[in-house]
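Enquirer: What follows is upload14.csv; its format and atoms are CSV, C-alpha atoms.
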chain,number,residue,atom,x,y,z
I,1,MET,CA,-12.1,41.4,-0.4
I,2,ASN,CA,-11.3,42.7,3.1
I,3,THR,CA,-8.7,40.3,4.5
I,4,ALA,CA,-9.5,41.0,8.1
I,5,ARG,CA,-13.2,40.2,7.5
I,6,GLU,CA,-12.3,37.1,5.6
I,7,GLN,CA,-10.2,35.9,8.5
I,8,LYS,CA,-13.0,36.7,10.9
I,9,ILE,CA,-15.4,34.7,8.7
I,10,GLU,CA,-13.1,31.7,8.7
I,11,GLU,CA,-12.8,31.8,12.5
I,12,ILE,CA,-16.6,32.0,12.9
I,13,LEU,CA,-17.2,29.2,10.4
I,14,THR,CA,-14.7,27.0,12.2
I,15,GLU,CA,-16.4,27.7,15.5
I,16,ALA,CA,-19.9,27.2,13.9
I,17,LEU,CA,-18.8,23.7,12.7
I,18,ARG,CA,-17.5,22.8,16.1
I,19,LEU,CA,-20.8,23.8,17.7
I,20,ARG,CA,-22.7,21.9,15.0
I,21,GLU,CA,-20.6,18.8,15.8
I,22,GLU,CA,-21.4,19.2,19.5
I,23,GLY,CA,-25.1,19.0,18.6
I,24,ILE,CA,-26.0,22.7,19.0
I,25,SER,CA,-29.0,23.5,16.8
I,26,GLU,CA,-28.3,25.5,13.7
I,27,SER,CA,-30.9,28.2,14.7
I,28,SER,CA,-29.1,28.9,17.9
I,29,ILE,CA,-25.7,29.1,16.0
I,30,PHE,CA,-27.3,31.6,13.6
I,31,ASN,CA,-28.6,33.6,16.5
I,32,THR,CA,-25.2,33.7,18.1
I,33,TYR,CA,-23.5,35.0,15.0
I,34,THR,CA,-26.1,37.2,13.4
I,35,ASP,CA,-23.6,39.1,11.3
I,36,PHE,CA,-22.4,36.0,9.6
I,37,GLN,CA,-25.7,34.2,9.1
I,38,ALA,CA,-25.3,34.0,5.3
I,39,GLU,CA,-21.8,32.5,5.4
I,40,ILE,CA,-22.8,30.0,8.1
I,41,GLN,CA,-26.0,29.1,6.2
I,42,ALA,CA,-23.9,28.4,3.0
I,43,VAL,CA,-21.5,26.1,4.8
I,44,PHE,CA,-24.2,24.2,6.7
I,45,SER,CA,-26.2,23.8,3.5
I,46,SER,CA,-23.2,22.2,1.8
I,47,ALA,CA,-22.7,19.9,4.7
I,48,SER,CA,-26.3,18.9,4.6
I,49,VAL,CA,-26.2,18.1,0.9
I,50,LEU,CA,-23.2,15.8,1.5
I,51,GLU,CA,-24.8,14.1,4.5
I,52,SER,CA,-27.9,13.5,2.5
I,53,GLN,CA,-25.9,11.9,-0.3
I,54,SER,CA,-24.4,9.3,2.0
I,55,ASP,CA,-27.5,7.2,1.8
I,56,HIS,CA,-27.6,7.1,-1.9
I,57,VAL,CA,-24.8,4.7,-2.4
I,58,ALA,CA,-25.8,1.2,-3.2
I,59,VAL,CA,-23.7,-1.2,-1.2
I,60,PRO,CA,-23.1,-4.6,-2.9
I,61,GLN,CA,-23.1,-7.6,-0.5
I,62,THR,CA,-21.6,-10.1,-2.9
I,63,GLY,CA,-18.1,-9.6,-1.6
I,64,LEU,CA,-18.8,-11.1,1.9
I,65,ALA,CA,-18.8,-14.7,0.6
I,66,HIS,CA,-15.7,-14.1,-1.5
I,67,ILE,CA,-13.8,-12.6,1.4
I,68,LEU,CA,-14.9,-15.3,3.9
I,69,ASN,CA,-13.8,-18.0,1.4
I,70,ARG,CA,-10.4,-16.4,1.1
I,71,LEU,CA,-10.1,-16.0,4.8
I,72,ARG,CA,-11.1,-19.7,5.3
I,73,THR,CA,-8.5,-20.8,2.7
I,74,GLU,CA,-5.8,-18.8,4.5
I,75,LYS,CA,-6.8,-20.2,7.9
I,76,THR,CA,-6.7,-23.8,6.5
I,77,GLU,CA,-3.3,-23.2,5.0
I,78,SER,CA,-1.9,-21.8,8.2
I,79,SER,CA,-3.5,-24.5,10.3
I,80,ILE,CA,-1.7,-27.3,8.4
I,81,GLY,CA,1.5,-25.5,8.8
I,82,GLN,CA,1.9,-24.2,5.3
I,83,ARG,CA,2.1,-20.5,5.7
I,84,PRO,CA,1.4,-19.0,2.2
I,85,ILE,CA,4.5,-16.8,2.5
I,86,LEU,CA,6.7,-19.9,2.8
I,87,SER,CA,5.3,-21.7,-0.2
I,88,PRO,CA,7.3,-19.9,-2.8
I,89,PHE,CA,10.5,-20.6,-0.9
I,90,VAL,CA,9.6,-24.2,-0.5
I,91,HIS,CA,9.1,-24.6,-4.2
I,92,TYR,CA,12.3,-22.6,-4.9
I,93,TRP,CA,14.4,-24.9,-2.8
I,94,LYS,CA,12.8,-28.0,-4.3
I,95,ILE,CA,14.2,-26.8,-7.6
I,96,VAL,CA,17.5,-25.2,-6.4
I,97,THR,CA,18.7,-28.0,-4.1
I,98,PRO,CA,19.2,-30.8,-6.7
I,99,ILE,CA,20.8,-28.3,-9.1
I,100,GLY,CA,23.0,-27.0,-6.4
I,101,LEU,CA,24.0,-30.4,-5.3
I,102,ALA,CA,24.9,-31.4,-8.9
I,103,LEU,CA,27.0,-28.3,-9.3
I,104,VAL,CA,28.8,-28.9,-6.1
I,105,LEU,CA,29.6,-32.5,-7.2
I,106,VAL,CA,30.8,-31.3,-10.7
I,107,ILE,CA,33.0,-28.4,-9.3
I,108,GLY,CA,34.3,-30.6,-6.6
I,109,GLY,CA,35.3,-33.3,-9.1
I,110,VAL,CA,37.0,-30.8,-11.3
I,111,LEU,CA,39.0,-29.3,-8.3
I,112,THR,CA,39.9,-32.8,-7.1
I,113,ASN,CA,41.2,-33.8,-10.5
I,114,HIS,CA,43.1,-30.5,-10.9
I,115,GLN,CA,44.8,-30.7,-7.4
I,116,GLY,CA,45.3,-34.5,-7.6
I,117,GLY,CA,46.7,-34.2,-11.1
I,118,GLY,CA,49.6,-32.2,-9.9
I,119,ALA,CA,50.4,-34.7,-7.2
I,120,VAL,CA,50.1,-37.6,-9.6
I,121,ALA,CA,52.4,-36.0,-12.2
I,122,LEU,CA,55.2,-35.9,-9.6
I,123,ASN,CA,55.1,-39.6,-9.2
I,124,ASN,CA,54.2,-40.4,-12.9
I,125,PRO,CA,57.1,-42.6,-14.3
I,126,VAL,CA,56.6,-41.1,-17.8
I,127,THR,CA,56.9,-37.6,-16.6
I,128,ALA,CA,59.8,-38.5,-14.3
I,129,THR,CA,61.6,-40.1,-17.2
I,130,SER,CA,61.0,-36.9,-19.2
I,131,ASP,CA,62.4,-34.8,-16.4
I,132,SER,CA,65.4,-37.1,-16.2
I,133,ASN,CA,66.0,-36.9,-20.0
I,134,LEU,CA,65.8,-33.2,-19.8
I,135,SER,CA,68.3,-33.1,-17.0
I,136,GLN,CA,70.6,-35.3,-19.0
I,137,ASP,CA,70.2,-33.0,-22.0
I,138,LEU,CA,71.1,-30.0,-19.9
I,139,ASN,CA,74.2,-31.8,-18.6
I,140,GLY,CA,75.2,-32.5,-22.2
I,141,ILE,CA,74.8,-28.9,-23.2
I,142,ASP,CA,76.9,-27.9,-20.3
I,143,SER,CA,79.7,-30.3,-21.3
I,144,GLN,CA,79.6,-29.0,-24.9
I,145,LEU,CA,79.8,-25.4,-23.6
I,146,ALA,CA,82.8,-26.3,-21.5
I,147,ALA,CA,84.4,-28.0,-24.4
I,148,LEU,CA,83.8,-25.0,-26.6
I,149,ASN,CA,85.2,-22.7,-23.9
I,150,SER,CA,88.3,-24.9,-23.7
I,151,ASP,CA,88.7,-24.8,-27.5
I,152,GLU,CA,88.4,-21.0,-27.4
I,153,ALA,CA,91.0,-20.9,-24.7
I,154,ASN,CA,93.4,-23.1,-26.7
I,155,THR,CA,92.8,-21.0,-29.8
I,156,ASN,CA,93.5,-17.8,-28.0
I,157,GLN,CA,96.8,-19.4,-26.6
I,158,ALA,CA,97.8,-20.5,-30.0
I,159,LEU,CA,97.3,-17.0,-31.4
I,160,ALA,CA,99.2,-15.5,-28.5
I,161,ASN,CA,102.1,-17.8,-29.2
I,162,SER,CA,102.2,-17.1,-32.9
I,163,ASN,CA,102.1,-13.3,-32.2
I,164,ASN,CA,105.1,-13.8,-29.9
N,165,MET,CA,-24.1,-4.4,16.6
N,166,ASP,CA,-25.6,-1.8,18.8
N,167,SER,CA,-22.7,0.1,20.3
N,168,THR,CA,-18.9,0.6,20.3
N,169,ALA,CA,-18.7,-1.6,23.4
N,170,ASP,CA,-20.3,-4.4,21.5
N,171,ILE,CA,-18.0,-4.0,18.5
N,172,ARG,CA,-15.0,-4.0,20.8
N,173,LYS,CA,-16.1,-7.4,22.3
N,174,VAL,CA,-16.5,-8.8,18.8
N,175,LEU,CA,-13.1,-7.4,17.8
N,176,GLN,CA,-11.5,-9.2,20.8
N,177,LYS,CA,-12.9,-12.4,19.5
N,178,ALA,CA,-11.8,-11.6,15.9
N,179,LYS,CA,-8.3,-10.9,17.3
N,180,LYS,CA,-8.3,-14.5,18.5
N,181,GLY,CA,-9.0,-15.7,15.0
N,182,ASP,CA,-12.8,-16.1,15.2
N,183,THR,CA,-13.9,-15.8,11.6
N,184,GLU,CA,-17.6,-15.5,12.6
N,185,ALA,CA,-16.8,-12.5,14.7
N,186,PHE,CA,-14.9,-11.0,11.8
N,187,SER,CA,-17.9,-11.5,9.5
N,188,LEU,CA,-20.0,-9.5,12.0
N,189,ILE,CA,-17.5,-6.6,11.8
N,190,TYR,CA,-17.6,-7.0,8.0
N,191,THR,CA,-21.4,-6.7,8.0
N,192,ASP,CA,-21.3,-3.5,10.1
N,193,TYR,CA,-18.4,-1.8,8.5
N,194,TYR,CA,-18.7,-2.8,4.8
N,195,SER,CA,-21.1,-0.1,4.0
N,196,PRO,CA,-19.3,3.0,5.4
N,197,ILE,CA,-15.9,1.8,4.1
N,198,TYR,CA,-17.4,1.1,0.6
N,199,LYS,CA,-19.0,4.5,0.5
N,200,TYR,CA,-15.8,6.2,1.5
N,201,ILE,CA,-13.8,4.4,-1.1
N,202,TYR,CA,-16.5,4.9,-3.8
N,203,THR,CA,-16.6,8.6,-3.1
N,204,ARG,CA,-12.8,8.9,-3.2
N,205,THR,CA,-12.3,6.8,-6.4
N,206,GLY,CA,-15.5,7.5,-8.3
N,207,SER,CA,-15.6,3.9,-9.6
N,208,LYS,CA,-18.0,1.2,-8.4
N,209,GLU,CA,-15.6,-1.7,-9.5
N,210,GLN,CA,-12.6,-0.1,-7.8
N,211,ALA,CA,-14.6,0.5,-4.7
N,212,GLU,CA,-15.7,-3.1,-4.5
N,213,ASP,CA,-12.1,-4.4,-5.1
N,214,LEU,CA,-10.5,-2.0,-2.7
N,215,THR,CA,-13.1,-2.6,0.0
N,216,GLN,CA,-12.4,-6.3,-0.2
N,217,GLU,CA,-8.7,-5.6,0.1
N,218,VAL,CA,-9.3,-3.4,3.1
N,219,PHE,CA,-11.1,-6.2,4.9
N,220,LEU,CA,-8.5,-8.8,4.0
N,221,LYS,CA,-5.7,-6.5,5.2
N,222,ALA,CA,-7.7,-5.8,8.4
N,223,TYR,CA,-8.1,-9.5,9.0
N,224,ARG,CA,-4.5,-10.3,8.5
N,225,SER,CA,-3.4,-7.5,10.8
N,226,ILE,CA,-6.1,-7.7,13.3
N,227,LYS,CA,-4.0,-9.5,15.9
N,228,SER,CA,-1.8,-6.4,16.2
N,229,PHE,CA,-4.8,-4.1,16.5
N,230,ARG,CA,-4.9,-2.3,19.8
N,231,ILE,CA,-8.4,-1.6,21.2
N,232,THR,CA,-8.4,2.0,22.4
N,233,ASP,CA,-10.9,4.7,23.1
N,234,ALA,CA,-11.1,5.6,19.4
N,235,SER,CA,-13.8,4.0,17.3
N,236,PRO,CA,-12.6,0.7,15.8
N,237,LEU,CA,-14.1,1.9,12.6
N,238,ALA,CA,-11.3,4.5,12.4
N,239,TYR,CA,-8.8,1.6,12.1
N,240,PHE,CA,-10.7,0.3,9.0
N,241,TYR,CA,-10.8,3.8,7.6
N,242,THR,CA,-7.1,4.1,8.0
N,243,ILE,CA,-6.5,1.0,6.0
N,244,ALA,CA,-9.1,2.3,3.4
N,245,ARG,CA,-7.4,5.6,3.3
N,246,ASN,CA,-4.0,4.0,2.5
N,247,ALA,CA,-5.7,1.8,-0.1
N,248,VAL,CA,-7.1,4.9,-1.8
N,249,ILE,CA,-3.8,6.7,-1.7
N,250,ASP,CA,-2.1,3.7,-3.4
N,251,PHE,CA,-4.9,3.5,-5.9
N,252,ARG,CA,-4.6,7.2,-6.7
N,253,ARG,CA,-0.9,6.9,-7.0
N,254,LYS,CA,-1.4,4.3,-9.7
N,255,GLN,CA,-4.1,6.3,-11.4
N,256,SER,CA,-2.7,9.6,-12.8
N,257,ILE,CA,-6.1,10.9,-13.7
N,258,VAL,CA,-9.4,10.2,-12.0
N,259,LYS,CA,-12.1,10.5,-14.6
N,260,VAL,CA,-15.1,12.1,-13.0
N,261,GLN,CA,-17.0,11.4,-16.2
N,262,ASN,CA,-16.8,7.7,-15.5
N,263,LEU,CA,-18.8,7.9,-12.3
N,264,GLU,CA,-21.3,5.2,-12.0
N,265,ILE,CA,-25.0,5.8,-11.8
N,266,ILE,CA,-26.0,4.9,-8.3
N,267,GLU,CA,-29.0,2.7,-7.5
N,268,ALA,CA,-30.4,3.7,-4.2
N,269,VAL,CA,-30.6,0.9,-1.6
N,270,GLY,CA,-33.6,1.1,0.6
N,271,ASP,CA,-34.9,4.0,-1.4
N,272,GLU,CA,-38.3,4.6,0.0
N,273,SER,CA,-39.3,6.6,-3.0
N,274,PRO,CA,-40.5,4.3,-5.8
N,275,ASN,CA,-40.9,7.3,-8.1
N,276,ALA,CA,-38.5,6.9,-11.0
N,277,GLU,CA,-38.3,10.6,-11.6
N,278,ASP,CA,-37.3,11.3,-8.0
N,279,ARG,CA,-34.7,8.6,-8.3
N,280,ALA,CA,-33.3,10.0,-11.5
N,281,ILE,CA,-33.0,13.5,-9.9
N,282,ARG,CA,-31.2,12.1,-6.9
N,283,GLU,CA,-28.8,10.1,-9.1
N,284,GLU,CA,-28.1,13.3,-11.1
N,285,GLN,CA,-27.6,15.2,-7.9
N,286,TRP,CA,-25.1,12.5,-6.7
N,287,GLU,CA,-23.1,13.0,-9.9
N,288,TYR,CA,-23.0,16.7,-9.5
N,289,VAL,CA,-21.9,16.4,-5.9
N,290,GLN,CA,-19.1,14.1,-7.0
N,291,GLU,CA,-18.0,16.5,-9.7
N,292,CYS,CA,-17.9,19.3,-7.2
N,293,LEU,CA,-16.0,17.2,-4.6
N,294,GLN,CA,-13.3,16.4,-7.3
N,295,ARG,CA,-12.6,20.1,-7.6
N,296,LEU,CA,-11.6,20.5,-4.0
N,297,THR,CA,-8.0,19.9,-2.8
N,298,GLU,CA,-7.0,16.4,-1.9
N,299,ASP,CA,-7.0,17.3,1.8
N,300,GLN,CA,-10.4,19.0,1.6
N,301,GLN,CA,-11.9,16.0,-0.3
N,302,GLU,CA,-10.7,13.5,2.2
N,303,ILE,CA,-11.6,15.4,5.3
N,304,ILE,CA,-15.0,16.4,4.1
N,305,THR,CA,-15.8,12.9,2.8
N,306,LEU,CA,-14.8,11.4,6.1
N,307,LYS,CA,-16.8,13.9,8.1
N,308,PHE,CA,-20.0,14.5,6.2
N,309,MET,CA,-20.4,11.3,4.1
N,310,SER,CA,-18.8,8.7,6.3
N,311,GLY,CA,-19.9,10.3,9.6
N,312,LEU,CA,-16.6,10.2,11.5
N,313,THR,CA,-16.0,12.6,14.3
N,314,ASN,CA,-13.3,15.2,14.0
N,315,LYS,CA,-11.4,13.4,16.8
N,316,GLU,CA,-11.4,10.2,14.8
N,317,ILE,CA,-10.3,12.1,11.6
N,318,SER,CA,-7.6,13.8,13.7
N,319,ALA,CA,-6.3,10.4,14.9
N,320,MET,CA,-6.3,9.1,11.3
N,321,THR,CA,-4.7,12.0,9.6
N,322,GLY,CA,-2.4,13.3,12.3
N,323,LYS,CA,-3.9,16.8,12.0
N,324,SER,CA,-5.3,18.8,14.9
N,325,GLU,CA,-9.1,19.1,15.2
N,326,MET,CA,-8.8,22.8,14.7
N,327,ALA,CA,-6.9,22.3,11.4
N,328,ILE,CA,-9.5,19.8,10.4
N,329,ARG,CA,-12.4,22.2,11.0
N,330,GLN,CA,-10.6,24.9,9.1
N,331,THR,CA,-10.1,22.6,6.1
N,332,GLN,CA,-13.8,21.6,6.4
N,333,SER,CA,-15.0,25.2,6.5
N,334,ARG,CA,-12.9,26.2,3.4
N,335,GLY,CA,-13.9,23.2,1.5
N,336,LEU,CA,-17.6,23.6,2.4
N,337,ARG,CA,-17.5,27.3,1.3
N,338,THR,CA,-16.0,26.3,-2.0
N,339,LEU,CA,-18.6,23.6,-2.4
N,340,GLY,CA,-21.4,26.1,-1.6
N,341,LYS,CA,-20.3,28.3,-4.5
N,342,LEU,CA,-20.1,25.3,-6.9
N,343,PHE,CA,-23.5,24.0,-5.8
N,344,LYS,CA,-25.0,27.4,-6.5
N,345,LYS,CA,-23.5,27.3,-10.1
N,346,ILE,CA,-25.0,23.9,-10.8
N,347,HIS,CA,-28.2,24.4,-8.7
N,348,VAL,CA,-27.8,21.5,-6.3
Using structure tokens, write down the structure that the file contains.
Expert:
Amino acid sequence: MNTAREQKIEEILTEALRLREEGISESSIFNTYTDFQAEIQAVFSSASVLESQSDHVAVPQTGLAHILNRLRTEKTESSIGQRPILSPFVHYWKIVTPIGLALVLVIGGVLTNHQGGGAVALNNPVTATSDSNLSQDLNGIDSQLAALNSDEANTNQALANSNN
Amino acid sequence: MDSTADIRKVLQKAKKGDTEAFSLIYTDYYSPIYKYIYTRTGSKEQAEDLTQEVFLKAYRSIKSFRITDASPLAYFYTIARNAVIDFRRKQSIVKVQNLEIIEAVGDESPNAEDRAIREEQWEYVQECLQRLTEDQQEIITLKFMSGLTNKEISAMTGKSEMAIRQTQSRGLRTLGKLFKKIHV
């Protein structure tokens, strides 16, 4: 198909639709664009078919009461200060707060015992005695080592004398 | 309500939390919003659910709504449009075959045969609409089935009125060809 003519048809149809919307009668639009009457007629016919269909839809009215009820419920909820959007959070915190509190107490107790335990251990007489015994043991080992070293030195001296 | 001025007064009251004012808006706007969603989703149940969601969202956010020159209805359409986008995102395939048979409200013709023809025609139209691009479907539905002006559609979609008219003309031409094939 001729592209230039096709483009011209589109321009004319667009203009014809504008005129139709402005309330210009279809016959005067046909008379203005006599060379494109068939195309304009086809477009206007399609538009008329659609416009005539618009009245054929049955509109149910049962929804009005349902919507008004929902609206009233929302209004009541907001008027008593319980915005629906807050409700889930309110319920959430009702559950979470006691659990959270219990956890804080348990963790706090554990931490206190752990930190306090260290401090108590330093002053614990049993532990202090153990530390003292360990210290005495270490001192004993040092003495034994010193004695062994002394024996070794004496042995070495005796060997040296016998060699001489 | 008779005019846009009236609806603005009612909106002012609704902004202050007047539920009765909001119910007036609901009465006026329910039908166009429902029709728009129904056309875009092809499901009666989804349209009912989403329309309710639209009004609930509108009510919750109405305090931040700014009353401007644009039609207040465009505000509701914007919420509806986003609801449909979310719905479509969740639905990978929109099954045209599941379209509901529509019962005409205020149908002046008691003739069952006429009604059957119109219902059949509605289904054909829906099928054809589903074959357009997403942009075309939306803009054409808003314009020719919901009755919004191009200025309002422009404010909603962020596209220029010129671009909107171009989308409309392309979509309508495609629809014209499809209608011919199925004799709408």
Enquirer: Could you check how far CA of Ile328 in chain N sits from CA of Glu217 in chain N, in Å to one decimal?
Expert: 27.4 Å
Enquirer: Taking all atoms listed in the file into account, name the residue in I:Asn69, I:Asn154, I:Ser45, I:Ser52 that is nearest to Lys344 in chain N.
Expert: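 Going through I:Asn69, I:Asn154, I:Ser45, I:Ser52 one by one, the smallest distance to Lys344 in chain N is for I:Ser45.
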Enquirer: Could you tell me how far CA of Glu298 in chain N lies from CA of Arg245 in chain N, in Å and to one decimal?
Expert: 12.0 Å
Enquirer: Using only C-alpha atoms, which residue out of N:Phe219, N:Phe308, N:Phe343, N:Phe229 lies closest to Thr191 in chain N?
Expert: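 Closest residue, counting only C-alpha atoms: N:Phe219.
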Enquirer: List the neighbours of range 236-238 of chain N out to 12 Å using all atoms listed in the file; skip same-chain residues closer than 5 positions along the sequence, and give me the result as a PyMOL selection string.
Expert: chain N and resi 167-176+189-190+192-197+200+218-219+222+226+229-231+243-245+306-307+310-321
Enquirer: With only C-alpha atoms as the basis for distance, which of I:Thr34, I:Gln41, I:Thr97, I:Ser54 is at the shortest distance from chain N?
Expert: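 Smallest distance to chain N is found for I:Ser54.
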Enquirer: Tell me which of N:Thr205, N:Ser235, N:Gln216, N:Asn275 sits closest to chain I, counting all atoms listed in the file.
Expert: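 Nearest to chain I: N:Gln216.
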Enquirer: Between I:Phe30, I:Leu13, I:Glu39, I:Ile67, which residue has the minimum interatomic distance to Tyr223 in chain N, considering only C-alpha atoms?
Expert: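 Under the stated criterion, the closest residue is I:Ile67.
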Enquirer: For CA of Glu11 in chain I and CA of Ser324 in chain N, determine how far apart the two atoms are, in Å to one decimal place.
Expert: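 Distance reported for this atom pair: 15.2 Å.
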Enquirer: Looking at all atoms listed in the file, which of I:Val106, I:Ala147, I:Ile9, I:Leu50 is the one that sits closest to Leu293 in chain N?
Expert: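 So, comparing all the options, the nearest one is I:Leu50.
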Enquirer: Please provide the set of residues having any atom within 9 Å of Leu17 in chain I, restricted to all atoms listed in the file, with same-chain residues fewer than 6 positions apart removed, written as an mmCIF file with C-alpha atoms, in the coordinates of the input.
Expert:
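File written: around-v9.cif
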data_model
loop_
_atom_site.group_PDB
_atom_site.id
_atom_site.type_symbol
_atom_site.label_atom_id
_atom_site.label_comp_id
_atom_site.auth_asym_id
_atom_site.auth_seq_id
_atom_site.Cartn_x
_atom_site.Cartn_y
_atom_site.Cartn_z
ATOM 1 C CA ILE I 40 -22.800 30.000 8.100
ATOM 2 C CA VAL I 43 -21.500 26.100 4.800
ATOM 3 C CA PHE I 44 -24.200 24.200 6.700
ATOM 4 C CA ARG N 329 -12.400 22.200 11.000
ATOM 5 C CA GLN N 332 -13.800 21.600 6.400
ATOM 6 C CA SER N 333 -15.000 25.200 6.500
#
Enquirer: Extract range 196-211 of chain N from the preceding block and save C-alpha atoms as a compact mmCIF listing (two decimals), in the first residue's frame.
Expert:
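New file result.txt:
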# COMPACT_ATOMS: atom_id res chain seq x y z
CA PRO N 196 -18.71 3.78 34.64
CA ILE N 197 -15.90 2.34 36.73
CA TYR N 198 -17.46 -1.12 36.77
CA LYS N 199 -17.99 -1.01 33.00
CA TYR N 200 -14.41 0.04 32.39
CA ILE N 201 -13.02 -2.74 34.58
CA TYR N 202 -15.40 -5.29 33.15
CA THR N 203 -14.39 -4.41 29.61
CA ARG N 204 -10.72 -4.60 30.51
CA THR N 205 -10.84 -7.85 32.50
CA GLY N 206 -13.67 -9.71 30.75
CA SER N 207 -14.84 -11.16 34.07
CA LYS N 208 -17.94 -10.16 35.99
CA GLU N 209 -16.59 -11.38 39.34
CA GLN N 210 -13.25 -9.66 38.86
CA ALA N 211 -15.00 -6.48 37.82
